[in-house]
Each structure stands twice: as C-alpha cells, then as structure tokens.
file start.txt (compact mmCIF, N, CA and C atoms)
# COMPACT_ATOMS: atom_id res chain seq x y z
N MET T 161 -15.71 32.53 16.50
CA MET T 161 -14.43 33.02 15.99
C MET T 161 -13.37 31.94 16.20
N ALA T 162 -12.65 31.63 15.15
CA ALA T 162 -11.61 30.60 15.22
C ALA T 162 -10.43 31.10 16.04
N HIS T 163 -9.84 30.20 16.78
CA HIS T 163 -8.67 30.52 17.59
C HIS T 163 -7.43 29.94 16.94
N ARG T 164 -6.27 30.35 17.42
CA ARG T 164 -5.00 29.89 16.90
C ARG T 164 -4.95 28.36 16.82
N ALA T 165 -5.40 27.68 17.87
CA ALA T 165 -5.37 26.21 17.89
C ALA T 165 -6.24 25.63 16.78
N ASP T 166 -7.36 26.26 16.49
CA ASP T 166 -8.23 25.80 15.40
C ASP T 166 -7.53 25.95 14.05
N HIS T 167 -6.85 27.08 13.87
CA HIS T 167 -6.12 27.31 12.62
C HIS T 167 -4.99 26.29 12.47
N LEU T 168 -4.26 26.03 13.56
CA LEU T 168 -3.17 25.05 13.52
C LEU T 168 -3.70 23.66 13.22
N ASP T 169 -4.85 23.30 13.78
CA ASP T 169 -5.48 22.00 13.47
C ASP T 169 -5.83 21.92 11.98
N THR T 170 -6.37 22.99 11.44
CA THR T 170 -6.72 23.03 10.02
C THR T 170 -5.48 22.89 9.15
N ILE T 171 -4.44 23.61 9.51
CA ILE T 171 -3.18 23.54 8.74
C ILE T 171 -2.63 22.12 8.78
N GLN T 172 -2.60 21.51 9.95
CA GLN T 172 -2.09 20.15 10.06
C GLN T 172 -2.91 19.19 9.21
N ARG T 173 -4.21 19.27 9.30
CA ARG T 173 -5.10 18.39 8.55
C ARG T 173 -4.91 18.57 7.04
N GLU T 174 -4.83 19.81 6.60
CA GLU T 174 -4.72 20.10 5.17
C GLU T 174 -3.34 19.73 4.61
N LEU T 175 -2.29 19.93 5.40
CA LEU T 175 -0.95 19.52 4.94
C LEU T 175 -0.85 18.00 4.87
N THR T 176 -1.50 17.31 5.78
CA THR T 176 -1.54 15.84 5.74
C THR T 176 -2.27 15.39 4.47
N ALA T 177 -3.39 16.02 4.17
CA ALA T 177 -4.13 15.68 2.94
C ALA T 177 -3.27 15.98 1.72
N PHE T 178 -2.55 17.10 1.75
CA PHE T 178 -1.66 17.47 0.64
C PHE T 178 -0.59 16.40 0.43
N ALA T 179 0.04 15.95 1.52
CA ALA T 179 1.09 14.93 1.43
C ALA T 179 0.52 13.61 0.91
N ARG T 180 -0.65 13.24 1.38
CA ARG T 180 -1.29 11.99 0.93
C ARG T 180 -1.59 12.08 -0.57
N ARG T 181 -2.10 13.21 -1.01
CA ARG T 181 -2.40 13.41 -2.42
C ARG T 181 -1.11 13.39 -3.26
N ALA T 182 -0.04 13.98 -2.73
CA ALA T 182 1.24 13.99 -3.46
C ALA T 182 1.79 12.58 -3.63
N ARG T 183 1.69 11.76 -2.57
CA ARG T 183 2.15 10.36 -2.68
C ARG T 183 1.32 9.59 -3.70
N ALA T 184 0.02 9.79 -3.67
CA ALA T 184 -0.85 9.09 -4.62
C ALA T 184 -0.58 9.55 -6.04
N ALA T 185 -0.37 10.84 -6.23
CA ALA T 185 -0.08 11.36 -7.57
C ALA T 185 1.24 10.82 -8.09
N ALA T 186 2.24 10.74 -7.21
CA ALA T 186 3.54 10.20 -7.63
C ALA T 186 3.39 8.76 -8.09
N ALA T 187 2.59 7.99 -7.39
CA ALA T 187 2.38 6.59 -7.75
C ALA T 187 1.67 6.48 -9.10
N ARG T 188 0.74 7.40 -9.38
CA ARG T 188 0.04 7.37 -10.67
C ARG T 188 0.95 7.79 -11.81
N LEU T 189 1.81 8.79 -11.57
CA LEU T 189 2.65 9.32 -12.63
C LEU T 189 3.74 8.34 -13.05
N HIS T 190 4.29 7.63 -12.10
CA HIS T 190 5.33 6.64 -12.40
C HIS T 190 5.27 5.59 -11.31
N PRO T 191 4.59 4.48 -11.57
CA PRO T 191 4.35 3.48 -10.53
C PRO T 191 5.60 2.97 -9.81
N GLU T 192 6.74 2.99 -10.48
CA GLU T 192 7.96 2.49 -9.85
C GLU T 192 8.71 3.58 -9.10
N LEU T 193 8.20 4.80 -9.13
CA LEU T 193 8.91 5.94 -8.56
C LEU T 193 8.10 6.54 -7.41
N SER T 194 8.49 6.23 -6.18
CA SER T 194 7.80 6.78 -5.01
C SER T 194 8.09 8.26 -4.89
N LEU T 195 7.34 8.92 -4.02
CA LEU T 195 7.57 10.34 -3.78
C LEU T 195 8.98 10.57 -3.24
N VAL T 196 9.44 9.67 -2.38
CA VAL T 196 10.81 9.78 -1.84
C VAL T 196 11.82 9.65 -2.98
N SER T 197 11.62 8.66 -3.85
CA SER T 197 12.53 8.47 -4.98
C SER T 197 12.55 9.69 -5.88
N TYR T 198 11.37 10.22 -6.17
CA TYR T 198 11.28 11.42 -7.00
C TYR T 198 12.07 12.56 -6.37
N THR T 199 11.90 12.73 -5.06
CA THR T 199 12.59 13.80 -4.34
C THR T 199 14.11 13.62 -4.40
N LEU T 200 14.57 12.38 -4.23
CA LEU T 200 16.00 12.11 -4.31
C LEU T 200 16.53 12.40 -5.71
N LEU T 201 15.79 11.97 -6.73
CA LEU T 201 16.22 12.25 -8.11
C LEU T 201 16.29 13.74 -8.37
N ALA T 202 15.30 14.48 -7.90
CA ALA T 202 15.29 15.93 -8.10
C ALA T 202 16.49 16.58 -7.42
N HIS T 203 16.83 16.09 -6.22
CA HIS T 203 18.00 16.64 -5.51
C HIS T 203 19.29 16.33 -6.27
N LEU T 204 19.40 15.10 -6.79
CA LEU T 204 20.59 14.75 -7.57
C LEU T 204 20.71 15.65 -8.80
N GLN T 205 19.57 15.93 -9.43
CA GLN T 205 19.61 16.80 -10.60
C GLN T 205 20.01 18.22 -10.20
N ASP T 206 19.40 18.73 -9.13
CA ASP T 206 19.71 20.10 -8.68
C ASP T 206 21.18 20.25 -8.30
N GLN T 207 21.73 19.23 -7.64
CA GLN T 207 23.11 19.29 -7.15
C GLN T 207 24.13 18.83 -8.18
N ARG T 208 23.63 18.33 -9.30
CA ARG T 208 24.50 17.74 -10.34
C ARG T 208 25.33 16.60 -9.76
N GLY T 209 24.64 15.80 -8.92
CA GLY T 209 25.27 14.64 -8.29
C GLY T 209 25.67 14.93 -6.85
N CYS T 210 25.64 13.87 -6.04
CA CYS T 210 26.12 13.97 -4.66
C CYS T 210 26.28 12.57 -4.09
N ARG T 211 26.88 12.48 -2.93
CA ARG T 211 27.07 11.20 -2.26
C ARG T 211 25.78 10.79 -1.57
N ALA T 212 25.61 9.49 -1.36
CA ALA T 212 24.44 8.98 -0.65
C ALA T 212 24.38 9.56 0.76
N THR T 213 25.52 9.71 1.39
CA THR T 213 25.54 10.28 2.75
C THR T 213 25.05 11.72 2.75
N ASP T 214 25.31 12.45 1.66
CA ASP T 214 24.81 13.83 1.55
C ASP T 214 23.28 13.84 1.43
N LEU T 215 22.74 12.88 0.68
CA LEU T 215 21.28 12.76 0.57
C LEU T 215 20.67 12.49 1.95
N ALA T 216 21.26 11.54 2.66
CA ALA T 216 20.76 11.19 3.99
C ALA T 216 20.80 12.40 4.91
N ALA T 217 21.88 13.14 4.89
CA ALA T 217 22.01 14.31 5.77
C ALA T 217 21.03 15.40 5.37
N HIS T 218 20.89 15.65 4.09
CA HIS T 218 20.00 16.71 3.61
C HIS T 218 18.54 16.45 3.98
N TYR T 219 18.10 15.20 3.82
CA TYR T 219 16.70 14.86 4.08
C TYR T 219 16.47 14.27 5.47
N LEU T 220 17.51 14.26 6.29
CA LEU T 220 17.42 13.73 7.65
C LEU T 220 16.87 12.29 7.64
N LEU T 221 17.42 11.49 6.72
CA LEU T 221 17.03 10.10 6.59
C LEU T 221 18.15 9.20 7.07
N ASP T 222 17.78 8.02 7.50
CA ASP T 222 18.76 7.02 7.87
C ASP T 222 19.52 6.58 6.63
N LYS T 223 20.82 6.33 6.79
CA LYS T 223 21.65 5.93 5.64
C LYS T 223 21.13 4.66 4.99
N SER T 224 20.59 3.73 5.79
CA SER T 224 20.08 2.48 5.22
C SER T 224 18.84 2.74 4.36
N THR T 225 18.03 3.71 4.75
CA THR T 225 16.85 4.08 3.95
C THR T 225 17.28 4.62 2.60
N VAL T 226 18.25 5.53 2.62
CA VAL T 226 18.76 6.10 1.37
C VAL T 226 19.41 5.01 0.53
N SER T 227 20.14 4.12 1.16
CA SER T 227 20.81 3.04 0.44
C SER T 227 19.79 2.17 -0.30
N ARG T 228 18.69 1.83 0.35
CA ARG T 228 17.63 1.03 -0.29
C ARG T 228 17.00 1.79 -1.45
N GLN T 229 16.73 3.07 -1.23
CA GLN T 229 16.13 3.87 -2.29
C GLN T 229 17.06 3.98 -3.49
N VAL T 230 18.33 4.24 -3.23
CA VAL T 230 19.31 4.39 -4.30
C VAL T 230 19.48 3.06 -5.06
N ALA T 231 19.50 1.95 -4.33
CA ALA T 231 19.62 0.64 -4.98
C ALA T 231 18.46 0.42 -5.94
N GLY T 232 17.26 0.80 -5.53
CA GLY T 232 16.10 0.68 -6.40
C GLY T 232 16.21 1.57 -7.63
N LEU T 233 16.70 2.77 -7.45
CA LEU T 233 16.88 3.69 -8.57
C LEU T 233 17.96 3.19 -9.53
N GLU T 234 18.98 2.55 -8.98
CA GLU T 234 20.02 1.96 -9.84
C GLU T 234 19.44 0.80 -10.64
N ARG T 235 18.63 -0.05 -9.99
CA ARG T 235 18.00 -1.18 -10.70
C ARG T 235 17.12 -0.71 -11.84
N LEU T 236 16.47 0.44 -11.65
CA LEU T 236 15.61 0.99 -12.70
C LEU T 236 16.42 1.71 -13.79
N GLY T 237 17.72 1.84 -13.57
CA GLY T 237 18.56 2.51 -14.56
C GLY T 237 18.44 4.03 -14.52
N LEU T 238 18.02 4.57 -13.39
CA LEU T 238 17.82 6.01 -13.27
C LEU T 238 19.00 6.73 -12.63
N VAL T 239 19.82 5.98 -11.89
CA VAL T 239 20.95 6.54 -11.16
C VAL T 239 22.17 5.66 -11.40
N GLU T 240 23.32 6.30 -11.46
CA GLU T 240 24.58 5.56 -11.56
C GLU T 240 25.59 6.17 -10.60
N ARG T 241 26.56 5.34 -10.21
CA ARG T 241 27.64 5.80 -9.34
C ARG T 241 28.86 6.09 -10.20
N ARG T 242 29.53 7.19 -9.87
CA ARG T 242 30.78 7.54 -10.54
C ARG T 242 31.80 7.93 -9.48
N ALA T 243 33.04 7.63 -9.76
CA ALA T 243 34.10 8.02 -8.83
C ALA T 243 34.22 9.54 -8.83
N ASP T 244 34.43 10.10 -7.64
CA ASP T 244 34.65 11.53 -7.50
C ASP T 244 35.99 11.87 -8.13
N PRO T 245 36.05 12.83 -9.05
CA PRO T 245 37.33 13.16 -9.69
C PRO T 245 38.40 13.65 -8.71
N ASP T 246 37.95 14.21 -7.57
CA ASP T 246 38.89 14.72 -6.58
C ASP T 246 39.34 13.65 -5.59
N ASP T 247 38.57 12.58 -5.46
CA ASP T 247 38.90 11.49 -4.54
C ASP T 247 38.28 10.21 -5.08
N GLN T 248 39.09 9.41 -5.72
CA GLN T 248 38.62 8.20 -6.39
C GLN T 248 37.97 7.19 -5.45
N ARG T 249 38.18 7.35 -4.15
CA ARG T 249 37.56 6.43 -3.18
C ARG T 249 36.09 6.75 -2.95
N VAL T 250 35.68 7.95 -3.31
CA VAL T 250 34.31 8.42 -3.05
C VAL T 250 33.43 8.17 -4.27
N GLN T 251 32.25 7.61 -4.03
CA GLN T 251 31.28 7.38 -5.09
C GLN T 251 30.23 8.49 -5.08
N VAL T 252 30.02 9.10 -6.23
CA VAL T 252 29.03 10.17 -6.37
C VAL T 252 27.88 9.65 -7.22
N LEU T 253 26.68 9.89 -6.76
CA LEU T 253 25.47 9.47 -7.48
C LEU T 253 25.10 10.53 -8.51
N HIS T 254 24.77 10.06 -9.70
CA HIS T 254 24.35 10.95 -10.79
C HIS T 254 23.14 10.34 -11.48
N LEU T 255 22.31 11.20 -12.03
CA LEU T 255 21.22 10.71 -12.86
C LEU T 255 21.80 10.17 -14.17
N THR T 256 21.20 9.09 -14.65
CA THR T 256 21.52 8.62 -15.98
C THR T 256 20.69 9.46 -16.96
N ASP T 257 20.93 9.28 -18.24
CA ASP T 257 20.09 9.96 -19.23
C ASP T 257 18.63 9.56 -19.05
N ARG T 258 18.41 8.27 -18.79
CA ARG T 258 17.04 7.78 -18.56
C ARG T 258 16.45 8.42 -17.30
N GLY T 259 17.27 8.57 -16.26
CA GLY T 259 16.81 9.20 -15.03
C GLY T 259 16.38 10.64 -15.26
N THR T 260 17.16 11.36 -16.05
CA THR T 260 16.81 12.75 -16.38
C THR T 260 15.52 12.80 -17.16
N GLU T 261 15.37 11.89 -18.11
CA GLU T 261 14.15 11.84 -18.92
C GLU T 261 12.92 11.55 -18.06
N VAL T 262 13.01 10.55 -17.20
CA VAL T 262 11.88 10.19 -16.33
C VAL T 262 11.56 11.35 -15.39
N LEU T 263 12.58 11.94 -14.79
CA LEU T 263 12.35 13.06 -13.87
C LEU T 263 11.68 14.22 -14.59
N ASP T 264 12.13 14.53 -15.80
CA ASP T 264 11.53 15.62 -16.57
C ASP T 264 10.07 15.32 -16.91
N GLN T 265 9.77 14.07 -17.26
CA GLN T 265 8.39 13.69 -17.57
C GLN T 265 7.49 13.83 -16.34
N VAL T 266 7.96 13.34 -15.21
CA VAL T 266 7.17 13.42 -13.98
C VAL T 266 6.99 14.88 -13.56
N ALA T 267 8.04 15.67 -13.68
CA ALA T 267 7.94 17.09 -13.31
C ALA T 267 6.93 17.81 -14.21
N ALA T 268 6.94 17.50 -15.49
CA ALA T 268 5.97 18.13 -16.41
C ALA T 268 4.54 17.71 -16.06
N SER T 269 4.35 16.45 -15.72
CA SER T 269 3.02 15.98 -15.32
C SER T 269 2.56 16.64 -14.03
N ARG T 270 3.47 16.78 -13.08
CA ARG T 270 3.13 17.44 -11.82
C ARG T 270 2.77 18.90 -12.05
N ARG T 271 3.53 19.56 -12.92
CA ARG T 271 3.25 20.97 -13.22
C ARG T 271 1.87 21.11 -13.85
N THR T 272 1.53 20.21 -14.77
CA THR T 272 0.22 20.22 -15.40
C THR T 272 -0.88 20.03 -14.36
N ALA T 273 -0.66 19.11 -13.42
CA ALA T 273 -1.64 18.86 -12.37
C ALA T 273 -1.83 20.11 -11.50
N PHE T 274 -0.73 20.78 -11.16
CA PHE T 274 -0.84 22.02 -10.37
C PHE T 274 -1.56 23.11 -11.17
N GLU T 275 -1.22 23.21 -12.45
CA GLU T 275 -1.88 24.22 -13.28
C GLU T 275 -3.38 23.97 -13.33
N HIS T 276 -3.78 22.72 -13.43
CA HIS T 276 -5.19 22.37 -13.47
C HIS T 276 -5.87 22.71 -12.14
N ARG T 277 -5.25 22.28 -11.04
CA ARG T 277 -5.84 22.48 -9.71
C ARG T 277 -5.94 23.97 -9.36
N LEU T 278 -4.99 24.76 -9.83
CA LEU T 278 -4.94 26.19 -9.47
C LEU T 278 -5.39 27.10 -10.60
N ALA T 279 -6.05 26.54 -11.60
CA ALA T 279 -6.43 27.30 -12.79
C ALA T 279 -7.29 28.52 -12.48
N ASP T 280 -8.16 28.43 -11.48
CA ASP T 280 -9.05 29.55 -11.19
C ASP T 280 -8.49 30.51 -10.13
N TRP T 281 -7.26 30.32 -9.73
CA TRP T 281 -6.62 31.24 -8.78
C TRP T 281 -6.03 32.40 -9.57
N ASP T 282 -6.20 33.61 -9.07
CA ASP T 282 -5.58 34.75 -9.75
C ASP T 282 -4.10 34.87 -9.33
N GLU T 283 -3.40 35.75 -10.01
CA GLU T 283 -1.96 35.91 -9.76
C GLU T 283 -1.65 36.28 -8.31
N ALA T 284 -2.48 37.13 -7.73
CA ALA T 284 -2.24 37.56 -6.34
C ALA T 284 -2.37 36.37 -5.39
N ASP T 285 -3.38 35.51 -5.60
CA ASP T 285 -3.53 34.33 -4.75
C ASP T 285 -2.35 33.38 -4.91
N LEU T 286 -1.92 33.17 -6.16
CA LEU T 286 -0.77 32.29 -6.41
C LEU T 286 0.48 32.85 -5.73
N ALA T 287 0.69 34.15 -5.85
CA ALA T 287 1.87 34.78 -5.23
C ALA T 287 1.83 34.63 -3.71
N ARG T 288 0.66 34.85 -3.11
CA ARG T 288 0.55 34.69 -1.65
C ARG T 288 0.80 33.25 -1.24
N PHE T 289 0.19 32.31 -1.94
CA PHE T 289 0.36 30.90 -1.62
C PHE T 289 1.83 30.49 -1.74
N ALA T 290 2.47 30.88 -2.85
CA ALA T 290 3.89 30.58 -3.04
C ALA T 290 4.72 31.20 -1.92
N GLY T 291 4.42 32.43 -1.58
CA GLY T 291 5.14 33.11 -0.50
C GLY T 291 4.95 32.43 0.84
N TYR T 292 3.74 31.99 1.14
CA TYR T 292 3.48 31.29 2.40
C TYR T 292 4.23 29.96 2.45
N LEU T 293 4.25 29.24 1.33
CA LEU T 293 4.98 27.97 1.30
C LEU T 293 6.48 28.20 1.49
N LEU T 294 7.02 29.20 0.83
CA LEU T 294 8.44 29.52 1.01
C LEU T 294 8.72 29.89 2.47
N ARG T 295 7.88 30.71 3.03
CA ARG T 295 8.05 31.13 4.43
C ARG T 295 7.96 29.94 5.37
N TYR T 296 6.98 29.07 5.16
CA TYR T 296 6.80 27.90 6.01
C TYR T 296 8.02 26.98 5.93
N ASN T 297 8.46 26.69 4.71
CA ASN T 297 9.59 25.77 4.54
C ASN T 297 10.90 26.37 4.99
N ALA T 298 11.02 27.68 5.01
CA ALA T 298 12.24 28.33 5.47
C ALA T 298 12.29 28.47 6.99
N SER T 299 11.17 28.16 7.66
CA SER T 299 11.09 28.40 9.10
C SER T 299 11.83 27.36 9.92
N GLY T 300 12.47 26.40 9.30
CA GLY T 300 13.28 25.44 10.02
C GLY T 300 12.61 24.10 10.17
N THR T 301 13.36 23.16 10.72
CA THR T 301 12.87 21.79 10.87
C THR T 301 12.72 21.39 12.32
N GLU T 302 12.94 22.31 13.23
CA GLU T 302 12.83 22.01 14.66
C GLU T 302 11.43 21.51 14.98
N GLY T 303 11.34 20.31 15.52
CA GLY T 303 10.05 19.78 15.95
C GLY T 303 9.25 19.10 14.85
N ASP T 304 9.81 18.96 13.65
CA ASP T 304 9.08 18.30 12.55
C ASP T 304 8.84 16.85 12.84

call {"tool": "encode", "arguments": {"input": "start.txt", "output": "structure tokens"}}
result
Amino acid sequence: MAHRADHLDTIQRELTAFARRARAAAARLHPELSLVSYTLLAHLQDQRGCRATDLAAHYLLDKSTVSRQVAGLERLGLVERRADPDDQRVQVLHLTDRGTEVLDQVAASRRTAFEHRLADWDEADLARFAGYLLRYNASGTEGD
C-alpha cells in the first residue's frame, strides 16, 4: 500500500517531467520563445500591459532576469514600451501586433497538443484534472 510520502514522490517526479516537457514543447513551437518568455507574453496580454517591475513581482523573479527577457522580446518585435497615460515617467510593456500573433499561434499549438494528449480522457477525468490543477495552484507559493 502506497504511503503519503510515496504519493508526494510521484507527484514531484511527474510535475518535473511535465515542466521538462513544457519547456521542450515551447522550444519546438517557437525556437526563439522560451517558456518564460511565453509566460511573460501571456501575462502582458491578460493584463493588457504592465510594468517590468510588476512582472518581476508577479512571477517572483529578479528584476534583472525580467529585464533580460523583456529586452529579448523587444528585439524580436513582440513587446514595446509605452508611456503610462497617468504618469509619463512610467514605461508600460505591451504586446505588439506581431507579439499578439505569435502568442496566439503558440497558444493554438499548445491547445492542439493538449487535445491530442488528452483525447481519450472522458469529461469527468478532464474536470477532475482541471479541478486538481486549480486547487494545487491556488494553494499558495510557500515553500516553492
């Protein structure tokens, strides 16, 4: 009979495999767009723009890490800086039209990959899995 520690070991191992597969898939879908870059672009789209410091705070990343990522996204023409209408001293990051297009293409490819991988799962299994992921991600970041 499996014990709690065995289940936790399995969860850790499988989430690590999931993350490794996600990074590899991101590299295949758009070689210039890392999983971190994709995540930052998705956040910019969801928030309709934000400051680099907001990205760093949201993802608990060092400001220099975000700065390097954003510089790369700017070089690719996916992100642009605009002055905040409420405070001209503040620069807000926004997706360019090309950034939106690339993000939409990658998201569609990822959705297709998930649909393929989960094709034989019934609705109840999908609902449970989605619920477990929501519950896990909502449980906080303490100790991550």

call {"tool": "closest_atom_pairs", "arguments": {"input": "start.txt", "of": "region 270-291 of chain T", "to": "region 173-197 of chain T", "cutoff": "12 Å", "atoms": "only C-alpha atoms", "output": "CSV"}}
result
residue,atom,partner,partner_atom,distance
T:Arg270,CA,T:Ala185,CA,8.1
T:Arg271,CA,T:Ala185,CA,11.6
T:Thr272,CA,T:Leu189,CA,11.5
T:Ala273,CA,T:Ala185,CA,9.0
T:Phe274,CA,T:Ala182,CA,10.8

call {"tool": "residues_around", "arguments": {"input": "start.txt", "residues": "Val252 (chain T)", "least_positions_apart": "5", "cutoff": "9 Å", "atoms": "only C-alpha atoms", "output": "JSON, numbers by chain"}}
result
{"T": [209, 210, 211, 212, 240, 241, 242, 243, 244]}

call {"tool": "select_by_dssp", "arguments": {"input": "start.txt", "residues": "region 231-282 of chain T", "states": "alpha helix (DSSP H)", "output": "list in words"}}
result
Ala231, Gly232, Leu233, Glu234, Arg235, Asp257, Arg258, Gly259, Thr260, Glu261, Val262, Leu263, Asp264, Gln265, Val266, Ala267, Ala268, Ser269, Arg270, Arg271, Thr272, Ala273, Phe274, Glu275, His276 and Arg277 of chain T

call {"tool": "atom_distance", "arguments": {"input": "start.txt", "atom1": "CA of Leu253 (chain T)", "atom2": "atom N of Gln229 (chain T)"}}
result
12.5 Å

call {"tool": "atom_distance", "arguments": {"input": "start.txt", "atom1": "CA of Tyr292 (chain T)", "atom2": "CA of His203 (chain T)"}}
result
22.1 Å

call {"tool": "select_by_dssp", "arguments": {"input": "start.txt", "residues": "chain T", "states": "strand (DSSP E)", "output": "list of chain:residue names"}}
result
T:Val239, T:Glu240, T:Arg241, T:Arg242, T:Ala243, T:Asp244, T:Asp247, T:Gln248, T:Arg249, T:Val250, T:Gln251, T:Val252, T:Leu253, T:His254, T:Leu255

call {"tool": "atom_distance", "arguments": {"input": "start.txt", "atom1": "atom C of Asp206 (chain T)", "atom2": "atom N of Gly259 (chain T)"}}
result
14.7 Å

call {"tool": "build_atoms", "arguments": {"input": "start.txt", "residues": "region 260-269 of chain T", "atoms": "all heavy atoms", "output": "compact mmCIF listing (two decimals), in the frame of the given file"}}
result
# COMPACT_ATOMS: atom_id res chain seq x y z
N THR T 260 17.16 11.36 -16.05
CA THR T 260 16.81 12.75 -16.38
C THR T 260 15.52 12.80 -17.16
O THR T 260 14.64 13.64 -16.89
CB THR T 260 17.95 13.41 -17.18
OG1 THR T 260 19.15 13.41 -16.38
CG2 THR T 260 17.61 14.82 -17.59
N GLU T 261 15.37 11.89 -18.11
CA GLU T 261 14.15 11.84 -18.92
C GLU T 261 12.92 11.55 -18.06
O GLU T 261 11.90 12.23 -18.17
CB GLU T 261 14.32 10.75 -19.99
CG GLU T 261 13.15 10.60 -20.93
CD GLU T 261 13.40 9.48 -21.92
OE1 GLU T 261 14.44 9.50 -22.60
OE2 GLU T 261 12.54 8.58 -22.00
N VAL T 262 13.01 10.55 -17.20
CA VAL T 262 11.88 10.19 -16.33
C VAL T 262 11.56 11.35 -15.39
O VAL T 262 10.38 11.71 -15.20
CB VAL T 262 12.18 8.89 -15.55
CG1 VAL T 262 11.18 8.69 -14.41
CG2 VAL T 262 12.16 7.70 -16.49
N LEU T 263 12.58 11.94 -14.79
CA LEU T 263 12.35 13.06 -13.87
C LEU T 263 11.68 14.22 -14.59
O LEU T 263 10.73 14.82 -14.07
CB LEU T 263 13.67 13.50 -13.25
CG LEU T 263 13.57 14.56 -12.17
CD1 LEU T 263 12.77 14.08 -10.98
CD2 LEU T 263 14.96 14.99 -11.73
N ASP T 264 12.13 14.53 -15.80
CA ASP T 264 11.53 15.62 -16.57
C ASP T 264 10.07 15.32 -16.91
O ASP T 264 9.22 16.22 -16.84
CB ASP T 264 12.32 15.89 -17.85
CG ASP T 264 13.68 16.51 -17.58
OD1 ASP T 264 13.93 16.98 -16.44
OD2 ASP T 264 14.52 16.51 -18.51
N GLN T 265 9.77 14.07 -17.26
CA GLN T 265 8.39 13.69 -17.57
C GLN T 265 7.49 13.83 -16.34
O GLN T 265 6.38 14.36 -16.42
CB GLN T 265 8.33 12.25 -18.08
CG GLN T 265 8.89 12.07 -19.47
CD GLN T 265 9.01 10.59 -19.84
OE1 GLN T 265 8.81 9.70 -19.02
NE2 GLN T 265 9.37 10.33 -21.09
N VAL T 266 7.96 13.34 -15.21
CA VAL T 266 7.17 13.42 -13.98
C VAL T 266 6.99 14.88 -13.56
O VAL T 266 5.88 15.28 -13.18
CB VAL T 266 7.82 12.58 -12.85
CG1 VAL T 266 7.11 12.81 -11.53
CG2 VAL T 266 7.80 11.10 -13.21
N ALA T 267 8.04 15.67 -13.68
CA ALA T 267 7.94 17.09 -13.31
C ALA T 267 6.93 17.81 -14.21
O ALA T 267 6.14 18.63 -13.72
CB ALA T 267 9.31 17.76 -13.41
N ALA T 268 6.94 17.50 -15.49
CA ALA T 268 5.97 18.13 -16.41
C ALA T 268 4.54 17.71 -16.06
O ALA T 268 3.62 18.54 -16.07
CB ALA T 268 6.30 17.75 -17.85
N SER T 269 4.35 16.45 -15.72
CA SER T 269 3.02 15.98 -15.32
C SER T 269 2.56 16.64 -14.03
O SER T 269 1.39 17.03 -13.89
CB SER T 269 3.03 14.46 -15.15
OG SER T 269 3.26 13.82 -16.37
